$ cat structure08.cif   # mmCIF, C-alpha atoms
data_input
loop_
_atom_site.label_atom_id
_atom_site.label_comp_id
_atom_site.auth_asym_id
_atom_site.auth_seq_id
_atom_site.Cartn_x
_atom_site.Cartn_y
_atom_site.Cartn_z
CA MET T 1 0.00 0.00 0.00
CA LEU T 2 1.12 3.55 -0.75
CA SER T 3 0.46 6.06 2.01
CA VAL T 4 -0.41 9.55 0.71
CA ILE T 5 0.24 12.06 3.49
CA GLN T 6 -2.43 14.67 4.08
CA PHE T 7 -1.63 17.98 5.79
CA PRO T 8 -3.91 20.93 6.52
CA GLY T 9 -3.78 22.78 3.18
CA SER T 10 -2.89 19.81 0.99
CA ASN T 11 -4.84 20.11 -2.26
CA ASP T 12 -3.36 17.44 -4.53
CA ASP T 13 -3.76 14.58 -2.08
CA ARG T 14 -6.93 13.19 -3.65
CA ASP T 15 -5.60 13.71 -7.17
CA THR T 16 -2.51 11.71 -6.20
CA ARG T 17 -4.57 8.92 -4.68
CA PHE T 18 -6.79 8.84 -7.78
CA ALA T 19 -3.77 8.58 -10.08
CA LEU T 20 -2.27 5.76 -8.02
CA LYS T 21 -5.45 3.85 -7.19
CA SER T 22 -7.83 4.40 -10.09
CA VAL T 23 -5.38 4.80 -12.97
CA LEU T 24 -2.37 2.73 -11.92
CA ALA T 25 -4.33 0.14 -9.91
CA CYS T 26 -2.23 0.41 -6.76
CA ASP T 27 -3.72 0.44 -3.29
CA ALA T 28 -3.28 3.98 -1.96
CA GLU T 29 -4.76 5.61 1.14
CA LEU T 30 -4.81 9.11 2.60
CA ILE T 31 -2.96 9.37 5.92
CA TRP T 32 -3.73 12.34 8.19
CA HIS T 33 -0.65 14.19 9.41
CA LYS T 34 -1.40 13.72 13.11
CA GLN T 35 -0.85 9.96 12.91
CA GLY T 36 2.37 9.07 14.65
CA GLU T 37 2.85 5.85 12.71
CA LEU T 38 2.37 4.79 9.12
CA PRO T 39 -0.25 2.06 8.60
CA ALA T 40 0.94 -1.51 8.68
CA GLY T 41 1.64 -2.68 5.17
CA THR T 42 2.90 0.69 3.91
CA SER T 43 5.32 -0.06 1.08
CA GLY T 44 5.84 3.52 -0.11
CA VAL T 45 5.03 7.10 0.89
CA VAL T 46 3.93 10.01 -1.28
CA ILE T 47 3.88 13.57 0.06
CA PRO T 48 1.60 15.49 -2.32
CA GLY T 49 1.43 19.07 -3.44
CA GLY T 50 -0.57 21.90 -1.94
CA PHE T 51 -0.08 24.55 0.68
CA SER T 52 0.62 22.70 3.92
CA TYR T 53 -0.25 24.97 6.85
CA GLY T 54 -1.08 27.68 4.32
CA ASP T 55 2.62 28.30 3.59
CA TYR T 56 2.43 30.74 6.51
CA LEU T 57 6.15 30.46 7.28
CA ARG T 58 8.28 28.86 4.58
CA CYS T 59 6.73 26.28 2.32
CA GLY T 60 6.98 22.97 4.16
CA ALA T 61 8.63 24.45 7.25
CA MET T 62 5.68 23.77 9.53
CA ALA T 63 4.73 20.41 8.01
CA ARG T 64 8.12 19.00 8.97
CA TYR T 65 6.97 19.06 12.61
CA SER T 66 3.79 17.08 12.04
CA PRO T 67 3.82 13.75 13.94
CA VAL T 68 3.64 11.70 10.74
CA MET T 69 6.97 13.09 9.50
CA ALA T 70 8.88 11.28 12.25
CA ALA T 71 7.34 8.07 10.93
CA VAL T 72 8.19 9.04 7.35
CA ARG T 73 11.81 9.63 8.40
CA ARG T 74 12.00 6.22 10.05
CA PHE T 75 10.49 4.63 6.95
CA ALA T 76 13.00 6.39 4.67
CA ASP T 77 15.93 5.57 6.94
CA ALA T 78 14.92 1.91 6.68
CA GLY T 79 15.10 2.12 2.88
CA GLY T 80 11.43 2.67 2.08
CA PRO T 81 10.67 4.72 -1.05
CA VAL T 82 9.41 8.26 -0.43
CA LEU T 83 8.25 10.62 -3.19
CA GLY T 84 7.61 14.32 -2.57
CA ILE T 85 5.72 16.33 -5.19
CA CYS T 86 5.90 20.16 -5.24
CA ASN T 87 5.02 21.07 -1.63
CA GLY T 88 6.10 17.53 -0.80
CA PHE T 89 9.54 18.32 -2.25
CA GLN T 90 9.65 21.42 -0.04
CA VAL T 91 8.65 19.36 3.01
CA LEU T 92 11.41 16.82 2.31
CA CYS T 93 14.03 19.57 2.06
CA GLU T 94 12.78 21.27 5.23
CA SER T 95 12.85 17.89 7.00
CA GLY T 96 16.44 17.19 5.96
CA LEU T 97 15.46 14.14 3.94
CA LEU T 98 16.71 15.91 0.82
CA PRO T 99 19.54 18.46 0.59
CA GLY T 100 19.22 22.09 -0.45
CA ALA T 101 16.13 24.28 -0.45
CA LEU T 102 13.31 25.54 -2.64
CA ILE T 103 13.17 29.34 -2.75
CA ARG T 104 11.06 32.01 -4.45
CA ASN T 105 10.92 31.83 -8.23
CA HIS T 106 13.51 34.19 -9.71
CA HIS T 107 10.85 36.43 -11.27
CA LEU T 108 8.82 36.41 -8.00
CA HIS T 109 5.69 35.24 -9.81
CA PHE T 110 3.62 32.12 -9.27
CA VAL T 111 3.94 29.87 -12.31
CA CYS T 112 1.23 27.54 -13.63
CA GLN T 113 2.13 25.97 -16.95
CA ARG T 114 3.30 22.81 -18.67
CA VAL T 115 7.03 22.32 -18.90
CA HIS T 116 9.45 19.77 -20.30
CA VAL T 117 11.88 17.86 -18.11
CA ARG T 118 14.68 15.56 -19.17
CA VAL T 119 15.16 12.26 -17.37
CA GLU T 120 18.83 12.07 -16.46
CA GLN T 121 18.81 8.44 -15.33
CA ALA T 122 16.34 5.56 -15.52
CA LEU T 123 16.43 4.20 -11.98
CA ALA T 124 14.12 2.30 -9.67
CA PRO T 125 12.07 3.24 -7.78
CA PHE T 126 11.22 6.52 -9.53
CA THR T 127 12.19 6.54 -13.22
CA SER T 128 12.53 2.88 -14.19
CA ARG T 129 9.63 3.20 -16.67
CA SER T 130 11.56 5.85 -18.57
CA ARG T 131 15.04 6.07 -20.09
CA ALA T 132 17.98 8.42 -19.79
CA GLY T 133 17.45 11.38 -22.11
CA ALA T 134 13.67 10.97 -22.36
CA VAL T 135 11.68 14.21 -22.29
CA LEU T 136 8.49 14.34 -20.23
CA ARG T 137 5.83 17.04 -20.44
CA LEU T 138 4.43 17.77 -16.98
CA PRO T 139 2.55 20.63 -15.30
CA ILE T 140 4.02 22.90 -12.65
CA LYS T 141 2.23 25.27 -10.27
CA HIS T 142 4.34 26.92 -7.61
CA GLY T 143 5.68 30.19 -6.27
CA GLU T 144 8.70 28.77 -4.45
CA GLY T 145 10.15 26.19 -6.78
CA ALA T 146 13.65 27.43 -7.51
CA TYR T 147 16.09 24.81 -6.28
CA PHE T 148 19.03 26.29 -4.39
CA ALA T 149 22.19 24.73 -3.01
CA SER T 150 25.72 25.89 -2.37
CA PRO T 151 28.15 25.43 -5.29
CA GLU T 152 29.88 22.66 -3.34
CA LEU T 153 26.64 20.80 -2.64
CA LEU T 154 25.35 21.21 -6.18
CA GLY T 155 28.66 19.93 -7.54
CA ARG T 156 28.45 16.89 -5.29
CA LEU T 157 24.86 16.16 -6.34
CA GLU T 158 25.87 16.36 -9.99
CA ALA T 159 28.92 14.16 -9.47
CA GLU T 160 26.88 11.55 -7.62
CA GLY T 161 24.18 11.47 -10.30
CA ARG T 162 21.47 12.59 -7.90
CA VAL T 163 19.82 15.11 -10.23
CA LEU T 164 17.11 12.93 -11.74
CA LEU T 165 15.02 15.47 -13.66
CA ARG T 166 16.13 18.69 -15.34
CA TYR T 167 14.08 21.45 -16.97
CA CYS T 168 14.64 21.46 -20.74
CA ASP T 169 12.95 22.34 -24.02
CA ALA T 170 10.87 19.93 -26.10
CA ASP T 171 14.02 18.57 -27.74
CA GLY T 172 15.78 17.91 -24.43
CA ASN T 173 18.10 20.92 -24.59
CA VAL T 174 18.89 22.48 -21.23
CA SER T 175 19.27 26.27 -21.14
CA PRO T 176 18.20 29.29 -19.08
CA ALA T 177 15.31 29.76 -21.52
CA SER T 178 13.88 26.37 -20.53
CA ASN T 179 14.11 27.11 -16.80
CA PRO T 180 10.71 28.32 -15.50
CA ASN T 181 11.74 29.33 -12.00
CA GLY T 182 15.48 29.93 -11.76
CA SER T 183 16.45 26.54 -10.31
CA LEU T 184 20.21 26.14 -10.13
CA GLY T 185 21.38 23.63 -12.70
CA ASN T 186 17.82 23.52 -14.09
CA VAL T 187 17.10 21.01 -11.32
CA ALA T 188 13.49 19.78 -11.42
CA GLY T 189 13.90 16.62 -9.33
CA LEU T 190 16.59 14.96 -7.24
CA LEU T 191 17.43 12.01 -5.02
CA ASN T 192 18.83 11.49 -1.57
CA GLN T 193 22.17 9.73 -1.26
CA ALA T 194 20.61 6.30 -0.78
CA GLY T 195 18.38 6.74 -3.84
CA ASN T 196 15.11 5.93 -2.07
CA VAL T 197 13.83 9.50 -1.54
CA MET T 198 12.93 11.75 -4.46
CA GLY T 199 11.54 15.27 -4.66
CA LEU T 200 10.27 16.97 -7.81
CA MET T 201 8.44 20.21 -8.49
CA PRO T 202 6.37 19.08 -11.54
CA HIS T 203 3.09 17.25 -10.86
CA PRO T 204 3.04 13.74 -12.38
CA GLU T 205 -0.38 13.06 -10.82
CA HIS T 206 -1.89 15.61 -13.23
CA ALA T 207 -0.49 13.82 -16.27
CA VAL T 208 -1.69 10.23 -16.11
CA GLU T 209 -4.61 10.29 -18.58
CA ALA T 210 -4.43 11.12 -22.27
CA ASP T 211 -7.42 13.46 -22.19
CA PHE T 212 -6.32 15.30 -19.05
CA GLY T 213 -2.73 16.49 -19.33
CA GLY T 214 -1.23 13.49 -21.11
CA ARG T 215 0.30 10.32 -19.74
CA ASP T 216 3.91 11.31 -19.09
CA GLY T 217 3.35 11.35 -15.33
CA ARG T 218 3.08 7.58 -15.43
CA ALA T 219 6.82 7.42 -16.02
CA ILE T 220 7.27 8.64 -12.43
CA LEU T 221 4.25 7.30 -10.55
CA GLY T 222 4.21 4.04 -12.49
CA SER T 223 7.84 3.44 -11.60
CA LEU T 224 6.99 3.82 -7.92
CA VAL T 225 4.03 1.48 -8.30
CA ASP T 226 6.27 -1.09 -10.00
CA ALA T 227 8.77 -0.82 -7.15
CA VAL T 228 6.21 -1.47 -4.42
CA THR T 229 4.16 -4.13 -6.24
CA GLY T 230 6.84 -5.90 -8.24
CA GLY T 231 4.84 -5.50 -11.43
CA HIS T 232 3.90 -3.16 -14.26
CA SER T 233 0.48 -1.46 -14.21
#
$ encode --input "structure08.cif" --output "structure tokens"
Amino acid sequence: MLSVIQFPGSNDDRDTRFALKSVLACDAELIWHKQGELPAGTSGVVIPGGFSYGDYLRCGAMARYSPVMAAVRRFADAGGPVLGICNGFQVLCESGLLPGALIRNHHLHFVCQRVHVRVEQALAPFTSRSRAGAVLRLPIKHGEGAYFASPELLGRLEAEGRVLLRYCDADGNVSPASNPNGSLGNVAGLLNQAGNVMGLMPHPEHAVEADFGGRDGRAILGSLVDAVTGGHS
């Protein structure tokens, strides 16, 4: 079962559960943030997008203190797969489960558009359904999505192959023009050192059906489903 964490202000939690359960045929349940333990049988965790605690401090800064996050940390430390989408990415960075930070977009505007991202590596449990160099078209909607890290940290992430998704154009070319928010290195998604925690700003849950945003999001969510079920949905 995939546990989809639900905070006050989450607004993509049900969309995420629908994508996992109704489209990809994986058992997925909403888990309220005050629960101190993940349900028995949890094989993966998804922290969805939204505005946890209304973004009243920094995005994700208050959610990190919710009781469920201690359980998520224990689950991740034990090797369980954890995926954070948009606000979920911010929560993971604030919680120390991913390095760096997400800061205000360089133009200081909220962005809501479809972008292209290049898959840098095809790895379980998050991009095994794709291939290195593949270009996915996914929606973004955020005001604080610019990835920031010190030059030393960014260099280490690059050297260790932990940048998994990068903003690009439709042909896979990476440039400032294809960067919608000012993320350093055009980073759109990255991994922790162990490779079992991923954060990304684009929303794969809004791109799982051909008539509603396309199916490219299945490359991400389907990979996670494969990892926790041992199959291909």
$ resolve_selection --input "structure08.cif" --expression "the PyMOL selection byres ((chain T and resi 48) around 10)" --output "JSON, numbers by chain"
{"T": [4, 5, 6, 7, 10, 11, 12, 13, 14, 15, 16, 17, 45, 46, 47, 49, 50, 51, 52, 83, 84, 85, 86, 87, 88, 89, 91, 203, 205]}
$ residues_near_point --input "structure08.cif" --point "(21.9, 9.2, -16.0)" --cutoff "7 Å" --atoms "only C-alpha atoms" --output "number ranges by chain"
T: 120-122, 132, 161
$ residues_around --input "structure08.cif" --residues "Ala63 in chain T" --least-positions-apart "4" --cutoff "9 Å" --atoms "all atoms listed in the file" --output "mmCIF file with C-alpha atoms, keeping the file's coordinate frame"
data_model
loop_
_atom_site.group_PDB
_atom_site.id
_atom_site.type_symbol
_atom_site.label_atom_id
_atom_site.label_comp_id
_atom_site.auth_asym_id
_atom_site.auth_seq_id
_atom_site.Cartn_x
_atom_site.Cartn_y
_atom_site.Cartn_z
ATOM 1 C CA PHE T 7 -1.630 17.980 5.790
ATOM 2 C CA PRO T 8 -3.910 20.930 6.520
ATOM 3 C CA HIS T 33 -0.650 14.190 9.410
ATOM 4 C CA SER T 52 0.620 22.700 3.920
ATOM 5 C CA TYR T 53 -0.250 24.970 6.850
ATOM 6 C CA CYS T 59 6.730 26.280 2.320
ATOM 7 C CA PRO T 67 3.820 13.750 13.940
ATOM 8 C CA MET T 69 6.970 13.090 9.500
ATOM 9 C CA VAL T 91 8.650 19.360 3.010
ATOM 10 C CA GLU T 94 12.780 21.270 5.230
ATOM 11 C CA SER T 95 12.850 17.890 7.000
#
$ resolve_selection --input "structure08.cif" --expression "the PyMOL selection byres ((chain T and resi 173-180) around 12)" --output "number ranges by chain"
T: 104-120, 133-135, 139-147, 165-172, 181-188, 201-202
$ write_last_selection --input "structure08.cif" --atoms "C-alpha atoms" --output "compact mmCIF listing (two decimals), in the coordinates of the input"
# COMPACT_ATOMS: atom_id res chain seq x y z
CA ARG T 104 11.06 32.01 -4.45
CA ASN T 105 10.92 31.83 -8.23
CA HIS T 106 13.51 34.19 -9.71
CA HIS T 107 10.85 36.43 -11.27
CA LEU T 108 8.82 36.41 -8.00
CA HIS T 109 5.69 35.24 -9.81
CA PHE T 110 3.62 32.12 -9.27
CA VAL T 111 3.94 29.87 -12.31
CA CYS T 112 1.23 27.54 -13.63
CA GLN T 113 2.13 25.97 -16.95
CA ARG T 114 3.30 22.81 -18.67
CA VAL T 115 7.03 22.32 -18.90
CA HIS T 116 9.45 19.77 -20.30
CA VAL T 117 11.88 17.86 -18.11
CA ARG T 118 14.68 15.56 -19.17
CA VAL T 119 15.16 12.26 -17.37
CA GLU T 120 18.83 12.07 -16.46
CA GLY T 133 17.45 11.38 -22.11
CA ALA T 134 13.67 10.97 -22.36
CA VAL T 135 11.68 14.21 -22.29
CA PRO T 139 2.55 20.63 -15.30
CA ILE T 140 4.02 22.90 -12.65
CA LYS T 141 2.23 25.27 -10.27
CA HIS T 142 4.34 26.92 -7.61
CA GLY T 143 5.68 30.19 -6.27
CA GLU T 144 8.70 28.77 -4.45
CA GLY T 145 10.15 26.19 -6.78
CA ALA T 146 13.65 27.43 -7.51
CA TYR T 147 16.09 24.81 -6.28
CA LEU T 165 15.02 15.47 -13.66
CA ARG T 166 16.13 18.69 -15.34
CA TYR T 167 14.08 21.45 -16.97
CA CYS T 168 14.64 21.46 -20.74
CA ASP T 169 12.95 22.34 -24.02
CA ALA T 170 10.87 19.93 -26.10
CA ASP T 171 14.02 18.57 -27.74
CA GLY T 172 15.78 17.91 -24.43
CA ASN T 181 11.74 29.33 -12.00
CA GLY T 182 15.48 29.93 -11.76
CA SER T 183 16.45 26.54 -10.31
CA LEU T 184 20.21 26.14 -10.13
CA GLY T 185 21.38 23.63 -12.70
CA ASN T 186 17.82 23.52 -14.09
CA VAL T 187 17.10 21.01 -11.32
CA ALA T 188 13.49 19.78 -11.42
CA MET T 201 8.44 20.21 -8.49
CA PRO T 202 6.37 19.08 -11.54
$ resolve_selection --input "structure08.cif" --expression "the PyMOL selection byres ((chain T and resi 1) around 12)" --output "PyMOL selection string"
chain T and resi 2-4+17+20-21+25-31+38-46+80-81+224-229
$ atom_distance --input "structure08.cif" --atom1 "CA of Ser150 in chain T" --atom2 "CA of Arg162 in chain T"
15.0 Å
$ closest_residue --input "structure08.cif" --among "T:Val72, T:Leu138, T:Leu123, T:Leu97" --to "Phe212 in chain T" --atoms "all atoms listed in the file"
T:Leu138
$ atom_distance --input "structure08.cif" --atom1 "CA of Ala219 in chain T" --atom2 "CA of Phe148 in chain T"
25.3 Å
$ closest_residue --input "structure08.cif" --among "T:Ser130, T:Asn192, T:Ser223, T:Ser66" --to "Leu98 in chain T" --atoms "all atoms listed in the file"
T:Asn192
$ atom_distance --input "structure08.cif" --atom1 "CA of Ala76 in chain T" --atom2 "CA of Arg137 in chain T"
28.2 Å
$ residues_around --input "structure08.cif" --residues "Gln90 in chain T" --least-positions-apart "5" --cutoff "8 Å" --atoms "only C-alpha atoms" --output "list in words"
Cys59, Gly60, Ala61, Gly84, Ala101, Leu102 and Gly199 of chain T
$ write_last_selection --input "structure08.cif" --atoms "C-alpha atoms" --output "PDB file, keeping the file's coordinate frame"
ATOM      1  CA  CYS T  59       6.730  26.280   2.320  1.00  0.00           C
ATOM      2  CA  GLY T  60       6.980  22.970   4.160  1.00  0.00           C
ATOM      3  CA  ALA T  61       8.630  24.450   7.250  1.00  0.00           C
ATOM      4  CA  GLY T  84       7.610  14.320  -2.570  1.00  0.00           C
ATOM      5  CA  ALA T 101      16.130  24.280  -0.450  1.00  0.00           C
ATOM      6  CA  LEU T 102      13.310  25.540  -2.640  1.00  0.00           C
ATOM      7  CA  GLY T 199      11.540  15.270  -4.660  1.00  0.00           C
TER       8      GLY T 199
END
$ closest_residue --input "structure08.cif" --among "T:Leu200, T:Ser128, T:Leu221, T:Arg58" --to "Ile103 in chain T" --atoms "all atoms listed in the file"
T:Arg58
$ build_atoms --input "structure08.cif" --residues "range 202-217 of chain T" --atoms "N, CA and C atoms" --output "compact mmCIF listing (two decimals), keeping the file's coordinate frame"
# COMPACT_ATOMS: atom_id res chain seq x y z
N PRO T 202 7.51 19.38 -10.64
CA PRO T 202 6.37 19.08 -11.54
C PRO T 202 5.40 18.08 -10.90
N HIS T 203 4.17 18.07 -11.42
CA HIS T 203 3.09 17.25 -10.86
C HIS T 203 2.77 16.07 -11.77
N PRO T 204 3.37 14.90 -11.53
CA PRO T 204 3.04 13.74 -12.38
C PRO T 204 1.61 13.26 -12.21
N GLU T 205 1.00 13.53 -11.06
CA GLU T 205 -0.38 13.06 -10.82
C GLU T 205 -1.39 13.76 -11.73
N HIS T 206 -1.01 14.90 -12.30
CA HIS T 206 -1.89 15.61 -13.23
C HIS T 206 -1.58 15.28 -14.69
N ALA T 207 -0.82 14.23 -14.90
CA ALA T 207 -0.49 13.82 -16.27
C ALA T 207 -0.46 12.30 -16.36
N VAL T 208 -1.60 11.69 -16.05
CA VAL T 208 -1.69 10.23 -16.11
C VAL T 208 -2.76 9.74 -17.07
N GLU T 209 -3.56 10.66 -17.64
CA GLU T 209 -4.61 10.29 -18.58
C GLU T 209 -4.49 11.12 -19.85
N ALA T 210 -4.66 10.47 -20.98
CA ALA T 210 -4.43 11.12 -22.27
C ALA T 210 -5.27 12.37 -22.46
N ASP T 211 -6.51 12.34 -21.98
CA ASP T 211 -7.42 13.46 -22.19
C ASP T 211 -7.28 14.56 -21.15
N PHE T 212 -6.47 14.32 -20.13
CA PHE T 212 -6.32 15.30 -19.05
C PHE T 212 -4.84 15.48 -18.73
N GLY T 213 -4.13 16.18 -19.60
CA GLY T 213 -2.73 16.49 -19.33
C GLY T 213 -1.73 15.51 -19.86
N GLY T 214 -2.17 14.47 -20.57
CA GLY T 214 -1.23 13.49 -21.11
C GLY T 214 -0.91 12.39 -20.13
N ARG T 215 -0.02 11.50 -20.53
CA ARG T 215 0.30 10.32 -19.74
C ARG T 215 1.75 10.27 -19.25
N ASP T 216 2.50 11.34 -19.44
CA ASP T 216 3.91 11.31 -19.09
C ASP T 216 4.16 11.14 -17.59
N GLY T 217 3.19 11.51 -16.77
CA GLY T 217 3.35 11.35 -15.33
C GLY T 217 3.45 9.91 -14.90
